[in-house]
Each structure stands twice: as C-alpha cells, then as structure tokens.
>>> print(open('data-v1.tsv').read())   # TSV, C-alpha atoms
chain	number	residue	atom	x	y	z
A	176	MET	CA	265.08	-116.32	70.91
A	177	SER	CA	266.89	-116.02	74.22
A	178	MET	CA	266.67	-112.22	73.98
A	179	ILE	CA	262.91	-112.41	73.39
A	180	ARG	CA	262.49	-114.77	76.33
A	181	ARG	CA	264.54	-112.45	78.50
A	182	PHE	CA	262.37	-109.50	77.43
A	183	LEU	CA	259.11	-111.38	78.14
A	184	THR	CA	260.41	-112.44	81.55
A	185	VAL	CA	261.28	-108.85	82.44
A	186	ALA	CA	257.92	-107.59	81.17
A	187	MET	CA	256.02	-110.22	83.16
A	188	ALA	CA	258.00	-109.42	86.28
A	189	ALA	CA	257.24	-105.71	85.83
A	190	SER	CA	253.51	-106.44	85.41
A	191	LEU	CA	253.45	-108.58	88.53
A	192	THR	CA	255.29	-105.86	90.44
A	193	CYS	CA	252.75	-103.19	89.34
A	194	TRP	CA	249.86	-105.51	90.23
A	195	ALA	CA	251.34	-106.21	93.66
A	196	ALA	CA	251.91	-102.49	94.23
A	197	ALA	CA	248.32	-101.73	93.31
A	198	GLU	CA	247.08	-104.42	95.69
A	199	ASP	CA	249.24	-103.03	98.50
A	200	ALA	CA	248.10	-99.47	97.79
A	201	LYS	CA	244.42	-100.42	98.25
A	202	LEU	CA	243.09	-98.04	95.62
A	203	LYS	CA	239.95	-96.17	96.64
A	204	ILE	CA	237.47	-96.41	93.77
A	205	ALA	CA	234.05	-94.82	93.29
A	206	THR	CA	231.36	-95.02	90.64
A	207	VAL	CA	228.86	-92.41	89.52
A	208	ASP	CA	225.90	-92.43	87.15
A	209	MET	CA	226.42	-89.27	85.12
A	210	GLN	CA	223.22	-89.81	83.13
A	211	GLU	CA	221.20	-89.94	86.34
A	212	LEU	CA	222.84	-86.79	87.72
A	213	PHE	CA	222.26	-84.96	84.47
A	214	LYS	CA	218.60	-86.00	84.20
A	215	GLN	CA	217.70	-85.36	87.84
A	216	TYR	CA	219.54	-82.04	88.25
A	217	TYR	CA	217.02	-79.21	88.64
A	218	ARG	CA	219.00	-76.90	86.34
A	219	THR	CA	218.75	-79.47	83.55
A	220	ASN	CA	214.98	-79.56	84.09
A	221	ASP	CA	214.77	-75.75	84.01
A	222	ALA	CA	216.80	-75.61	80.81
A	223	GLN	CA	214.58	-78.23	79.19
A	224	LYS	CA	211.43	-76.28	80.12
A	225	GLN	CA	212.83	-73.09	78.57
A	226	ILE	CA	213.78	-74.96	75.42
A	227	ASN	CA	210.28	-76.46	75.21
A	228	LEU	CA	208.77	-72.96	75.48
A	229	GLU	CA	210.99	-71.72	72.66
A	230	ARG	CA	210.03	-74.71	70.53
A	231	ALA	CA	206.36	-73.94	71.19
A	232	ARG	CA	206.89	-70.32	70.08
A	233	ILE	CA	208.58	-71.50	66.90
A	234	GLN	CA	205.71	-73.91	66.22
A	235	LYS	CA	203.14	-71.17	66.86
A	236	ASP	CA	204.85	-68.89	64.34
A	237	ASN	CA	205.04	-71.76	61.87
A	238	ASN	CA	201.33	-72.51	62.32
A	239	GLU	CA	200.45	-68.86	61.64
A	240	ARG	CA	202.48	-68.95	58.44
A	241	MET	CA	200.81	-72.21	57.44
A	242	THR	CA	197.38	-70.62	57.96
A	243	LYS	CA	198.23	-67.89	55.43
A	244	ILE	CA	199.47	-70.49	52.96
A	245	ARG	CA	196.31	-72.60	53.36
A	246	ASP	CA	194.16	-69.50	52.79
A	247	ILE	CA	196.00	-68.94	49.52
A	248	GLU	CA	195.51	-72.61	48.59
A	249	THR	CA	191.77	-72.27	49.23
A	250	SER	CA	191.66	-69.12	47.09
A	251	LEU	CA	193.56	-70.92	44.30
A	252	GLY	CA	191.03	-73.75	44.44
A	253	ASN	CA	188.15	-71.31	44.03
A	254	LEU	CA	189.88	-69.59	41.12
A	255	ARG	CA	190.49	-72.95	39.48
A	256	LYS	CA	186.78	-73.75	39.69
A	257	GLN	CA	185.94	-70.45	38.03
A	258	LEU	CA	188.52	-71.06	35.31
A	259	ASP	CA	186.90	-74.42	34.59
A	260	ASP	CA	183.45	-72.84	34.27
A	261	PRO	CA	182.53	-72.82	30.54
A	262	ALA	CA	180.05	-69.97	31.09
A	263	ILE	CA	182.87	-67.46	31.81
A	264	ASN	CA	184.09	-65.54	28.75
A	265	ASP	CA	187.73	-65.51	27.63
A	266	SER	CA	188.43	-61.99	28.86
A	267	LYS	CA	187.26	-62.86	32.37
A	268	LYS	CA	189.24	-66.11	32.26
A	269	GLN	CA	192.44	-64.27	31.37
A	270	ALA	CA	191.99	-61.95	34.34
A	271	LEU	CA	191.24	-64.93	36.61
A	272	PHE	CA	194.26	-66.84	35.31
A	273	LYS	CA	196.53	-63.86	35.92
A	274	ASP	CA	195.21	-63.62	39.48
A	275	TRP	CA	195.70	-67.38	39.90
A	276	GLN	CA	199.35	-67.13	38.77
A	277	MET	CA	200.08	-64.24	41.13
A	278	GLN	CA	198.57	-66.03	44.12
A	279	GLN	CA	200.36	-69.26	43.25
A	280	GLN	CA	203.73	-67.46	43.17
A	281	GLU	CA	202.89	-65.76	46.47
A	282	GLY	CA	202.04	-69.12	48.04
A	283	ILE	CA	205.28	-70.69	46.79
A	284	ALA	CA	207.33	-67.77	48.13
A	285	LEU	CA	205.58	-67.87	51.53
A	286	ASP	CA	206.10	-71.62	51.87
A	287	ARG	CA	209.79	-71.32	50.95
A	288	GLU	CA	210.18	-68.53	53.50
A	289	ARG	CA	208.37	-70.64	56.11
A	290	ARG	CA	210.66	-73.63	55.54
A	291	GLU	CA	213.80	-71.48	55.72
A	292	PHE	CA	212.50	-69.82	58.90
A	293	LEU	CA	211.78	-73.20	60.51
A	294	GLN	CA	215.18	-74.61	59.62
A	295	ARG	CA	217.02	-71.50	60.78
A	296	ARG	CA	215.20	-71.16	64.10
A	297	ASN	CA	215.43	-74.86	64.93
A	298	GLN	CA	219.15	-74.89	64.15
A	299	MET	CA	219.73	-71.87	66.39
A	300	LEU	CA	217.71	-73.46	69.18
A	301	ASN	CA	219.56	-76.77	68.87
A	302	GLU	CA	222.91	-74.99	69.11
A	303	LYS	CA	221.72	-73.01	72.12
A	304	MET	CA	220.43	-76.19	73.78
A	305	LEU	CA	223.73	-78.00	73.14
A	306	GLN	CA	225.78	-75.22	74.70
A	307	ARG	CA	223.44	-74.97	77.68
A	308	MET	CA	223.50	-78.70	78.33
A	309	LYS	CA	227.27	-78.87	77.94
A	310	GLY	CA	227.62	-76.10	80.52
A	311	ILE	CA	225.45	-78.05	82.96
A	312	LEU	CA	227.43	-81.22	82.30
A	313	GLU	CA	230.69	-79.40	83.00
A	314	GLU	CA	229.24	-78.10	86.27
A	315	ILE	CA	228.40	-81.67	87.28
A	316	ARG	CA	231.83	-82.91	86.25
A	317	LYS	CA	233.52	-80.31	88.46
A	318	LEU	CA	231.39	-81.31	91.42
A	319	VAL	CA	232.35	-84.97	90.89
A	320	GLU	CA	236.01	-83.97	90.81
A	321	GLU	CA	235.70	-81.90	93.99
A	322	HIS	CA	233.87	-84.72	95.75
A	323	ALA	CA	236.52	-87.23	94.66
A	324	LYS	CA	239.34	-85.04	95.95
A	325	ALA	CA	237.56	-84.34	99.24
A	326	ASP	CA	236.97	-88.07	99.88
A	327	ASN	CA	240.40	-89.03	98.57
A	328	PHE	CA	239.20	-91.35	95.80
A	329	ASP	CA	241.88	-92.57	93.40
A	330	TYR	CA	239.46	-93.20	90.54
A	331	VAL	CA	235.83	-92.35	89.77
A	332	PHE	CA	234.19	-94.31	86.95
A	333	ASP	CA	231.02	-93.32	85.11
A	334	LYS	CA	228.91	-96.46	85.21
A	335	SER	CA	226.45	-95.04	82.66
A	336	GLY	CA	229.13	-94.68	79.96
A	337	LEU	CA	228.69	-96.87	76.88
A	338	SER	CA	231.13	-97.95	74.23
A	339	THR	CA	230.46	-97.51	70.51
A	340	SER	CA	228.85	-100.97	70.55
A	341	GLN	CA	226.46	-99.77	73.32
A	342	VAL	CA	228.14	-102.00	75.90
A	343	PRO	CA	228.85	-100.41	79.31
A	344	PHE	CA	232.51	-99.48	79.79
A	345	LEU	CA	232.30	-100.49	83.43
A	346	LEU	CA	231.12	-104.09	83.76
A	347	TYR	CA	232.43	-104.87	87.24
A	348	THR	CA	234.34	-103.07	89.98
A	349	LYS	CA	235.17	-104.66	93.31
A	350	ASP	CA	234.54	-102.66	96.50
A	351	ALA	CA	233.59	-99.49	94.60
A	352	THR	CA	231.53	-96.80	96.34
A	353	ASP	CA	228.56	-95.39	94.41
A	354	ILE	CA	228.52	-91.62	95.06
A	355	THR	CA	225.59	-90.79	92.75
A	356	ALA	CA	223.01	-90.24	95.52
A	357	SER	CA	225.22	-87.95	97.60
A	358	LEU	CA	226.20	-85.91	94.54
A	359	LEU	CA	222.56	-85.56	93.48
A	360	LYS	CA	221.71	-84.32	96.95
A	361	ASP	CA	224.43	-81.65	96.67
A	362	LEU	CA	223.31	-80.63	93.18
A	363	ASN	CA	219.69	-80.13	94.21
A	364	LYS	CA	220.21	-78.67	97.69
A	365	ASP	CA	219.28	-75.15	96.47
A	366	ALA	CA	216.56	-76.24	94.05
A	367	PRO	CA	213.53	-73.90	94.06
A	368	ALA	CA	210.14	-75.43	94.83
A	369	GLY	CA	208.66	-77.23	91.83
A	370	SER	CA	211.91	-77.17	89.83
A	371	LEU	CA	212.77	-80.86	90.16
A	372	PRO	CA	211.77	-83.17	87.28
A	373	ALA	CA	208.51	-85.02	87.85
A	374	ALA	CA	208.07	-88.74	87.32
A	375	GLY	CA	207.19	-89.44	83.71
A	376	ASP	CA	208.74	-86.25	82.34
A	377	PRO	CA	210.82	-86.85	79.18
A	378	ALA	CA	214.42	-86.92	80.36
A	379	PRO	CA	217.10	-85.12	78.34
A	380	GLU	CA	220.16	-87.07	77.28
A	381	ILE	CA	223.75	-86.01	77.83
A	382	PRO	CA	224.78	-84.21	74.60
A	383	ALA	CA	227.04	-86.28	72.39
A	384	PRO	CA	230.51	-84.91	71.69
A	385	ALA	CA	230.94	-83.10	68.39
A	386	PRO	CA	232.67	-85.19	65.71
A	387	THR	CA	236.33	-84.43	65.23
A	388	GLY	CA	238.09	-84.20	61.90
A	389	GLY	CA	236.62	-84.31	58.40
A	390	ASN	CA	234.05	-82.01	56.89
A	391	PRO	CA	230.97	-81.00	58.94
>>> encode(input="data-v1.tsv", output="structure tokens")
Amino acid sequence: MSMIRRFLTVAMAASLTCWAAAEDAKLKIATVDMQELFKQYYRTNDAQKQINLERARIQKDNNERMTKIRDIETSLGNLRKQLDDPAINDSKKQALFKDWQMQQQEGIALDRERREFLQRRNQMLNEKMLQRMKGILEEIRKLVEEHAKADNFDYVFDKSGLSTSQVPFLLYTKDATDITASLLKDLNKDAPAGSLPAAGDPAPEIPAPAPTGGNP
C-alpha cells in the first residue's frame, strides 16, 4: 500500500507541475468553424453547382429511358385489350400474343438496363463528389494550419466537430480567438462575381471519413 501511495503522490505532483507549466506558458488558443468555412467557400459552391448539373443530366437520360419503357407499357396494354377481344380468331390471337411476349421482354430488358445505368452513374458521381469535396477540405485545412503558424497559435480547435453521440467536442474554451471570419475572407478573396453561395441555397456537408477495417 505504501508503494501505491508513493506512486499516486508522484503522479499527482507531476500533474500539478504540468498544469502549472501550462498556466505559466499562457497557451495561445484559437477556434474555427470548419463547417462554416466549407459551406461558405466559393469553390465548394462551384463544385456543388457542377455536381447538380451532372445529376440533372443523369435524370434527363433516365427520363428519356423511362419514356421508351412507358411507350412499351402502353403498347402492351393495347395488345392485351385485343387479346381479350372474343371477336378475334385464334390465329390472330397467336400472332398478337407473340408480339406481346416480345415487347414485354424488351420492356423488362430496357428497365433493367435503365436501373443499372442509374446505379452506375450515381455511384460514379458520388465518388467524384467525395474526392472533390475532400480536396477542398484539405485546402481549407492547410490554410488553417498556415494561419495558426503565422499567428503563433499553440492549438486550433474545430468548434463544429461533433462526437459520435452528436455532442460538440469543444464545449468551452477560455480566452480562445475565433479565426473563422478572417479565414473565410482569405478563402473568398479571389472569388469570381456570383460564385459565392446565396442565402437559402442547400449547403453541402463536410464528407464523412471512409470506414476503416472490415468488409466494404
């Protein structure tokens, strides 16, 4: 027991020493809202607009494919009405039924192709969007680092960061300087006219990190 007490005494003394050293050092701390920088950066807005255009092109192609499928469905409905007509002889019905089968198979094949196309194109676009947004986020991170070094900050905390329970990581920081506004000004200093996000525009979220380990 005496050894444990001696160990706890040494540990407590070391903690008090570190705390006193930190107080004497007067750490220079800053906070930044990474979500706000990401959402308000003109390059993020440009990327989102391009992605929206690509999504619109995908939807247009999908709508054109759906039009062909609906035309086939309409034709199948008309053939079904003729097949149900008791006035049509058996020979004519066999020809109509053969035509109905062929068009049904064509419709099934076109719809399967449409679904595969939609899944493939959306997956490619999502991957492209993720890489683009990650690149923008890395650009912002580097600017934060450069700003911190230039102003001699010891720590910069992201006040928009949330834990897995959706509770902010940073609940309170004494005497911290918020550098979000100055960083946003630097990010958008070369923004072309009309490239900044407008009020009410849907804001993109910072891409979540890819899961590590296990099967995809």
>>> closest_atom_pairs(input="data-v1.tsv", of="stretch 206-317 of chain A", to="stretch 322-334 of chain A", cutoff="7 Å", atoms="only C-alpha atoms", output="JSON lines")
{"residue": "A:Thr206", "atom": "CA", "partner": "A:Phe332", "partner_atom": "CA", "distance": 4.7}
{"residue": "A:Val207", "atom": "CA", "partner": "A:Asp333", "partner_atom": "CA", "distance": 5.0}
{"residue": "A:Asp208", "atom": "CA", "partner": "A:Lys334", "partner_atom": "CA", "distance": 5.4}
{"residue": "A:Met209", "atom": "CA", "partner": "A:Asp333", "partner_atom": "CA", "distance": 6.1}
>>> atom_distance(input="data-v1.tsv", atom1="atom CA of A:Leu359", atom2="atom CA of A:Lys203")
20.6 Å
>>> atom_distance(input="data-v1.tsv", atom1="atom CA of A:Lys235", atom2="atom CA of A:Arg290")
13.8 Å
>>> residues_around(input="data-v1.tsv", residues="A:Pro372", least_positions_apart="6", cutoff="7 Å", atoms="all atoms listed in the file", output="JSON, numbers by chain")
{"A": [215, 217, 220]}
>>> atom_distance(input="data-v1.tsv", atom1="atom CA of A:Asp236", atom2="atom CA of A:Leu305")
22.7 Å
>>> residues_near_point(input="data-v1.tsv", point="(217.3, -76.6, 73.5)", cutoff="10 Å", atoms="only C-alpha atoms", output="list in words")
Ala222, Gln223, Lys224, Gln225, Ile226, Asn227, Leu228, Glu229, Arg230, Asn297, Gln298, Met299, Leu300, Asn301, Glu302, Lys303, Met304, Leu305, Gln306, Arg307, Met308 and Pro379 of chain A
>>> build_atoms(input="data-v1.tsv", residues="stretch 308-331 of chain A", atoms="N, CA and C atoms", output="PDB file, in the frame of the given file")
ATOM      1  N   MET A 308     223.358 -77.389  77.725  1.00  0.00           N
ATOM      2  CA  MET A 308     223.500 -78.700  78.330  1.00  0.00           C
ATOM      3  C   MET A 308     224.959 -79.046  78.604  1.00  0.00           C
ATOM      4  N   LYS A 309     225.846 -78.632  77.714  1.00  0.00           N
ATOM      5  CA  LYS A 309     227.270 -78.870  77.940  1.00  0.00           C
ATOM      6  C   LYS A 309     227.761 -78.107  79.161  1.00  0.00           C
ATOM      7  N   GLY A 310     227.255 -76.887  79.342  1.00  0.00           N
ATOM      8  CA  GLY A 310     227.620 -76.100  80.520  1.00  0.00           C
ATOM      9  C   GLY A 310     227.176 -76.784  81.798  1.00  0.00           C
ATOM     10  N   ILE A 311     225.967 -77.337  81.793  1.00  0.00           N
ATOM     11  CA  ILE A 311     225.450 -78.050  82.960  1.00  0.00           C
ATOM     12  C   ILE A 311     226.276 -79.305  83.226  1.00  0.00           C
ATOM     13  N   LEU A 312     226.622 -80.009  82.166  1.00  0.00           N
ATOM     14  CA  LEU A 312     227.430 -81.220  82.300  1.00  0.00           C
ATOM     15  C   LEU A 312     228.803 -80.911  82.886  1.00  0.00           C
ATOM     16  N   GLU A 313     229.392 -79.804  82.461  1.00  0.00           N
ATOM     17  CA  GLU A 313     230.690 -79.400  83.000  1.00  0.00           C
ATOM     18  C   GLU A 313     230.580 -79.049  84.475  1.00  0.00           C
ATOM     19  N   GLU A 314     229.483 -78.422  84.856  1.00  0.00           N
ATOM     20  CA  GLU A 314     229.240 -78.100  86.270  1.00  0.00           C
ATOM     21  C   GLU A 314     229.173 -79.381  87.103  1.00  0.00           C
ATOM     22  N   ILE A 315     228.490 -80.389  86.577  1.00  0.00           N
ATOM     23  CA  ILE A 315     228.400 -81.670  87.280  1.00  0.00           C
ATOM     24  C   ILE A 315     229.759 -82.338  87.368  1.00  0.00           C
ATOM     25  N   ARG A 316     230.498 -82.291  86.272  1.00  0.00           N
ATOM     26  CA  ARG A 316     231.830 -82.910  86.250  1.00  0.00           C
ATOM     27  C   ARG A 316     232.747 -82.301  87.307  1.00  0.00           C
ATOM     28  N   LYS A 317     232.693 -80.981  87.457  1.00  0.00           N
ATOM     29  CA  LYS A 317     233.520 -80.310  88.460  1.00  0.00           C
ATOM     30  C   LYS A 317     233.136 -80.722  89.868  1.00  0.00           C
ATOM     31  N   LEU A 318     231.836 -80.877  90.103  1.00  0.00           N
ATOM     32  CA  LEU A 318     231.390 -81.310  91.420  1.00  0.00           C
ATOM     33  C   LEU A 318     231.886 -82.726  91.725  1.00  0.00           C
ATOM     34  N   VAL A 319     231.839 -83.607  90.717  1.00  0.00           N
ATOM     35  CA  VAL A 319     232.350 -84.970  90.890  1.00  0.00           C
ATOM     36  C   VAL A 319     233.829 -84.932  91.245  1.00  0.00           C
ATOM     37  N   GLU A 320     234.572 -84.091  90.544  1.00  0.00           N
ATOM     38  CA  GLU A 320     236.010 -83.970  90.810  1.00  0.00           C
ATOM     39  C   GLU A 320     236.278 -83.461  92.224  1.00  0.00           C
ATOM     40  N   GLU A 321     235.527 -82.441  92.633  1.00  0.00           N
ATOM     41  CA  GLU A 321     235.700 -81.900  93.990  1.00  0.00           C
ATOM     42  C   GLU A 321     235.364 -82.939  95.048  1.00  0.00           C
ATOM     43  N   HIS A 322     234.291 -83.677  94.805  1.00  0.00           N
ATOM     44  CA  HIS A 322     233.870 -84.720  95.750  1.00  0.00           C
ATOM     45  C   HIS A 322     234.937 -85.814  95.834  1.00  0.00           C
ATOM     46  N   ALA A 323     235.504 -86.181  94.688  1.00  0.00           N
ATOM     47  CA  ALA A 323     236.520 -87.230  94.660  1.00  0.00           C
ATOM     48  C   ALA A 323     237.776 -86.797  95.422  1.00  0.00           C
ATOM     49  N   LYS A 324     238.156 -85.545  95.244  1.00  0.00           N
ATOM     50  CA  LYS A 324     239.340 -85.040  95.950  1.00  0.00           C
ATOM     51  C   LYS A 324     239.083 -84.956  97.449  1.00  0.00           C
ATOM     52  N   ALA A 325     237.885 -84.483  97.821  1.00  0.00           N
ATOM     53  CA  ALA A 325     237.560 -84.340  99.240  1.00  0.00           C
ATOM     54  C   ALA A 325     237.541 -85.683  99.952  1.00  0.00           C
ATOM     55  N   ASP A 326     237.050 -86.740  99.272  1.00  0.00           N
ATOM     56  CA  ASP A 326     236.970 -88.070  99.880  1.00  0.00           C
ATOM     57  C   ASP A 326     238.156 -88.944  99.540  1.00  0.00           C
ATOM     58  N   ASN A 327     239.133 -88.340  98.854  1.00  0.00           N
ATOM     59  CA  ASN A 327     240.400 -89.030  98.570  1.00  0.00           C
ATOM     60  C   ASN A 327     240.218 -90.305  97.733  1.00  0.00           C
ATOM     61  N   PHE A 328     239.347 -90.227  96.718  1.00  0.00           N
ATOM     62  CA  PHE A 328     239.200 -91.350  95.800  1.00  0.00           C
ATOM     63  C   PHE A 328     240.324 -91.309  94.766  1.00  0.00           C
ATOM     64  N   ASP A 329     240.838 -92.492  94.430  1.00  0.00           N
ATOM     65  CA  ASP A 329     241.880 -92.570  93.400  1.00  0.00           C
ATOM     66  C   ASP A 329     241.275 -92.519  92.002  1.00  0.00           C
ATOM     67  N   TYR A 330     240.128 -93.173  91.837  1.00  0.00           N
ATOM     68  CA  TYR A 330     239.460 -93.200  90.540  1.00  0.00           C
ATOM     69  C   TYR A 330     237.947 -93.086  90.744  1.00  0.00           C
ATOM     70  N   VAL A 331     237.287 -92.382  89.810  1.00  0.00           N
ATOM     71  CA  VAL A 331     235.830 -92.350  89.770  1.00  0.00           C
ATOM     72  C   VAL A 331     235.404 -92.741  88.361  1.00  0.00           C
TER      73      VAL A 331
END
